[in-house]
Amino acid sequence: MRFRLFTPRLAAMVVALGATTAALHASPSRAEDVTINFLHAQNERTYGPVIQAFEKANPGIKVREQRVPFDQLNAQVQARIGAGDDSIDLYGVDEPRVPALAKRGLLMDLSAQRNIVTEKTTPEAVAATSTDGKLYALPQWTSTQLLFYNEDLLAKAGITPPSGDPAHRMTWDQLLADAKKAQTAGAKYGVAFEQVDRYYQLQPLFESSGAGSGLTGPGLLTPAVNTQKWVQTMTWYGDLYKNGLAPRGVAPEQMGSLFTNGQIAYFVGGPWNFYDFVKTSNLKWSIAPHPYFANGKPVTPTDSWAVGISPHSKHPNEALKFAMFMTIDDQGALLSTQTNPLPPANKAAFDRHVAEETKLGGDSTAPYATLLPYELKNTAISRPRTVGYVAFEEIMNKAFSDVRNGADPKQTLDRANGQLKAMFARLK
């Protein structure tokens, strides 16, 4: 992947930043530059624009990125910050992990910033980055999932494209029937999930079917992932791969390429894909609402990444200044979405993001202006907020992967439930 070249729009933003945020970013003169280290799991182009703008407005501070794959981020944080390593100043925090990270002393208390975070973002964003009445991270983005579809593959199969209106949302039965038609007509795969085997992507299946989140009881520390409905829904998921309708053996980071290469008819993924899909020539696509189970309710995932400060940082003030710039500052928050179009948690930046991304792809992204606000208001469900979430996610992601690769759903979920009981017993 490549950093996006600075466009006239970005250049104008940077110029504006120098005038509108000078007071926020001014700092005393320094004998030498301070370098802060930022650990995150985003792609290499995500933070280029925001770092360039921040360093221009703050000539005494340099930002060094340390990128790791998503599946390695938690291990890095626990191993390094947990051991008192001061080489990380700030890091990306997946919001459901805030309670567990805070309990383990891996996040600095940021409650002094609560008033401005409350003013600039939303109550949901503040709740997602707080635990035990304290703010431990700065909300950066929110999220949703959309149904992308390849117009040419549907036309070849004689399929009427799905509506972009949430009032006419497809059921999973309807989608799979059409996905099979598209595959018969030449699509290599009928349907695919972008974040295969990740709880964030798959929670809506279980919530929509009535199986629930998988966690119950005080503190959400009682696992319930081997109930009849969980087994039924997991079986449904496994059958997609068993029957060849969805691809096995493909990592989440590679799923988008299968869609841009014209191999997938229906693709469930996030709006961050707009950037790559729009610039792919000969790809005709559009978006529709996330499907749901007919006997259940529409459900979409939400929450996203926040930014936390390491309690062992050698430069906490500079780290906080950069974190505030890319999350709470109106212009900085928008810059953080330029090449990775996740909806910003900052309210002013959110409105501009929606307007820009809706125009970005013409007819392809036109439904976004209606879909995103609707889903966030009506169908979004957060992942469980519990000190046990990190262990829960790791165990469940392994279970999803096992079933996708042919393991028995009931046996897999029974084993996961037992592992969770053992893990949670140490947290109660």
# chains A, B, ... in the order shown; residues from 1 in each chain; ligands from 1
call {"tool": "residues_around", "arguments": {"residues": "stretch 405-422 of chain A", "least_positions_apart": "4", "cutoff": "10 Å", "atoms": "only C-alpha atoms", "output": "ChimeraX atom specification"}}
result
/A:214-215,221-228,230-239,241-242,248-249,388,391-392,395-401,426-427
call {"tool": "write_last_selection", "arguments": {"atoms": "C-alpha atoms", "output": "mmCIF file, in the first residue's frame"}}
result
data_model
loop_
_atom_site.group_PDB
_atom_site.id
_atom_site.type_symbol
_atom_site.label_atom_id
_atom_site.label_comp_id
_atom_site.auth_asym_id
_atom_site.auth_seq_id
_atom_site.Cartn_x
_atom_site.Cartn_y
_atom_site.Cartn_z
ATOM 1 C CA GLY A 214 -22.346 -14.526 24.002
ATOM 2 C CA LEU A 215 -21.735 -12.896 27.397
ATOM 3 C CA LEU A 221 -18.333 -12.497 32.793
ATOM 4 C CA THR A 222 -20.624 -15.480 32.209
ATOM 5 C CA PRO A 223 -20.067 -17.044 28.774
ATOM 6 C CA ALA A 224 -23.054 -18.302 26.785
ATOM 7 C CA VAL A 225 -21.613 -19.167 23.394
ATOM 8 C CA ASN A 226 -22.775 -22.778 23.189
ATOM 9 C CA THR A 227 -26.522 -22.217 23.373
ATOM 10 C CA GLN A 228 -28.781 -23.722 20.729
ATOM 11 C CA TRP A 230 -25.336 -19.839 18.931
ATOM 12 C CA VAL A 231 -24.728 -23.315 17.529
ATOM 13 C CA GLN A 232 -27.352 -22.784 14.811
ATOM 14 C CA THR A 233 -25.896 -19.452 13.763
ATOM 15 C CA MET A 234 -22.326 -20.753 13.833
ATOM 16 C CA THR A 235 -23.433 -23.688 11.674
ATOM 17 C CA TRP A 236 -24.922 -21.218 9.196
ATOM 18 C CA TYR A 237 -21.604 -19.373 9.118
ATOM 19 C CA GLY A 238 -19.576 -22.539 8.619
ATOM 20 C CA ASP A 239 -21.848 -23.720 5.810
ATOM 21 C CA TYR A 241 -17.419 -21.990 3.457
ATOM 22 C CA LYS A 242 -18.296 -25.674 3.436
ATOM 23 C CA ARG A 248 -11.566 -20.139 2.735
ATOM 24 C CA GLY A 249 -7.894 -19.455 3.388
ATOM 25 C CA GLY A 388 -12.940 -10.060 30.047
ATOM 26 C CA ALA A 391 -9.768 -12.994 26.348
ATOM 27 C CA PHE A 392 -13.277 -13.379 24.929
ATOM 28 C CA ILE A 395 -10.990 -17.288 22.068
ATOM 29 C CA MET A 396 -13.998 -16.542 19.877
ATOM 30 C CA ASN A 397 -11.907 -15.452 16.896
ATOM 31 C CA LYS A 398 -10.108 -18.787 17.083
ATOM 32 C CA ALA A 399 -13.482 -20.569 17.217
ATOM 33 C CA PHE A 400 -14.749 -18.707 14.138
ATOM 34 C CA SER A 401 -11.583 -19.616 12.270
ATOM 35 C CA ARG A 426 -9.680 -15.595 37.455
ATOM 36 C CA LEU A 427 -11.268 -12.209 36.764
#
call {"tool": "residues_around", "arguments": {"residues": "A:Lys279", "least_positions_apart": "3", "cutoff": "12 Å", "atoms": "only C-alpha atoms", "output": "mmCIF file with C-alpha atoms, in the first residue's frame"}}
result
data_model
loop_
_atom_site.group_PDB
_atom_site.id
_atom_site.type_symbol
_atom_site.label_atom_id
_atom_site.label_comp_id
_atom_site.auth_asym_id
_atom_site.auth_seq_id
_atom_site.Cartn_x
_atom_site.Cartn_y
_atom_site.Cartn_z
ATOM 1 C CA ARG A 4 -1.884 9.022 -0.665
ATOM 2 C CA THR A 260 -11.817 -5.273 -6.581
ATOM 3 C CA ASN A 273 -13.035 0.432 1.413
ATOM 4 C CA PHE A 274 -14.324 3.466 -0.506
ATOM 5 C CA TYR A 275 -10.777 4.743 -1.002
ATOM 6 C CA ASP A 276 -9.591 1.626 -2.845
ATOM 7 C CA ASN A 282 -13.554 -1.148 -14.449
ATOM 8 C CA LEU A 283 -15.174 -1.927 -11.091
ATOM 9 C CA LYS A 284 -18.871 -1.062 -11.001
ATOM 10 C CA TRP A 285 -20.192 -1.290 -7.474
ATOM 11 C CA THR A 339 -6.961 7.717 3.161
ATOM 12 C CA LEU A 360 -16.598 10.452 -3.583
ATOM 13 C CA GLY A 361 -17.994 7.584 -5.635
#
call {"tool": "atom_distance", "arguments": {"atom1": "atom CA of A:Asp197", "atom2": "atom CA of A:Gly212"}}
result
17.1 Å
call {"tool": "closest_residue", "arguments": {"among": "A:Thr337, A:Asn295, A:Ser143, A:Thr386", "to": "A:Ser213", "atoms": "only C-alpha atoms"}}
result
A:Thr386
call {"tool": "closest_residue", "arguments": {"among": "A:Val68, A:Ala323, A:Val403, A:Ile328", "to": "A:Thr118", "atoms": "only C-alpha atoms"}}
result
A:Ile328
call {"tool": "select_by_dssp", "arguments": {"residues": "stretch 118-166 of chain A", "states": "strand (DSSP E)", "output": "VMD selection string"}}
result
chain A and resid 130 to 131 134 to 135 138 to 139 146 to 150
call {"tool": "select_by_dssp", "arguments": {"residues": "stretch 193-398 of chain A", "states": "alpha helix (DSSP H)", "output": "ChimeraX atom specification"}}
result
/A:199-209,228-242,252-260,274-278,316-327,330-335,347-360,368-378,389-398
call {"tool": "closest_residue", "arguments": {"among": "A:Pro311, A:Pro139, A:Gly262, A:Pro204", "to": "A:Trp172", "atoms": "only C-alpha atoms"}}
result
A:Pro204
call {"tool": "atom_distance", "arguments": {"atom1": "atom CA of A:Ala366", "atom2": "atom CA of A:Asp165"}}
result
11.0 Å
call {"tool": "residues_around", "arguments": {"residues": "A:Gln203", "least_positions_apart": "6", "cutoff": "10 Å", "atoms": "only C-alpha atoms", "output": "PyMOL selection string"}}
result
chain A and resi 211-214+299-301+381-384
call {"tool": "write_last_selection", "arguments": {"atoms": "C-alpha atoms", "output": "PDB file, in the first residue's frame"}}
result
ATOM      1  CA  ALA A 211     -28.432 -15.724  20.001  1.00  0.00           C
ATOM      2  CA  GLY A 212     -27.138 -12.644  21.820  1.00  0.00           C
ATOM      3  CA  SER A 213     -23.631 -11.349  22.364  1.00  0.00           C
ATOM      4  CA  GLY A 214     -22.346 -14.526  24.002  1.00  0.00           C
ATOM      5  CA  VAL A 299     -28.083  -5.309  13.666  1.00  0.00           C
ATOM      6  CA  THR A 300     -24.836  -3.604  12.632  1.00  0.00           C
ATOM      7  CA  PRO A 301     -21.493  -3.331  14.431  1.00  0.00           C
ATOM      8  CA  ILE A 381     -24.757  -2.574  18.776  1.00  0.00           C
ATOM      9  CA  SER A 382     -21.461  -2.212  20.605  1.00  0.00           C
ATOM     10  CA  ARG A 383     -19.277  -5.133  21.488  1.00  0.00           C
ATOM     11  CA  PRO A 384     -19.521  -6.201  25.146  1.00  0.00           C
TER      12      PRO A 384
END
call {"tool": "closest_atom_pairs", "arguments": {"of": "stretch 253-308 of chain A", "to": "stretch 181-193 of chain A", "cutoff": "7 Å", "atoms": "only C-alpha atoms", "output": "CSV"}}
result
residue,atom,partner,partner_atom,distance
A:Gln263,CA,A:Lys188,CA,5.0
A:Ile264,CA,A:Tyr189,CA,4.9
A:Ala265,CA,A:Gly190,CA,5.1
A:Tyr266,CA,A:Val191,CA,4.6
A:Phe267,CA,A:Ala192,CA,5.0
A:Val268,CA,A:Phe193,CA,4.9
A:Gly269,CA,A:Phe193,CA,6.5
call {"tool": "atom_distance", "arguments": {"atom1": "atom CA of A:Asn317", "atom2": "atom CA of A:Ala349"}}
result
24.0 Å
call {"tool": "residues_around", "arguments": {"residues": "A:Ile159", "least_positions_apart": "5", "cutoff": "10 Å", "atoms": "only C-alpha atoms", "output": "short mmCIF file (atom, residue, chain, number, x, y, z; two decimals) with N, CA and C atoms, in the first residue's frame"}}
result
data_model
loop_
_atom_site.label_atom_id
_atom_site.label_comp_id
_atom_site.auth_asym_id
_atom_site.auth_seq_id
_atom_site.Cartn_x
_atom_site.Cartn_y
_atom_site.Cartn_z
N GLU A 151 -21.93 -4.71 -9.55
CA GLU A 151 -23.07 -4.50 -10.46
C GLU A 151 -22.99 -5.39 -11.69
N ASP A 152 -21.80 -5.60 -12.21
CA ASP A 152 -21.66 -6.42 -13.42
C ASP A 152 -21.98 -7.89 -13.14
N LEU A 153 -21.53 -8.40 -12.00
CA LEU A 153 -21.81 -9.80 -11.68
C LEU A 153 -23.29 -10.03 -11.43
N LEU A 154 -23.95 -9.06 -10.82
CA LEU A 154 -25.40 -9.20 -10.60
C LEU A 154 -26.14 -9.11 -11.93
N ASP A 178 -29.58 -15.04 -3.98
CA ASP A 178 -29.01 -14.28 -5.09
C ASP A 178 -27.51 -14.55 -5.24
N ALA A 179 -26.82 -14.75 -4.12
CA ALA A 179 -25.39 -15.04 -4.17
C ALA A 179 -25.13 -16.35 -4.93
N LYS A 181 -27.08 -17.59 -7.27
CA LYS A 181 -27.34 -17.31 -8.68
C LYS A 181 -26.12 -16.64 -9.33
N ALA A 182 -25.54 -15.69 -8.61
CA ALA A 182 -24.38 -14.98 -9.15
C ALA A 182 -23.21 -15.93 -9.34
#
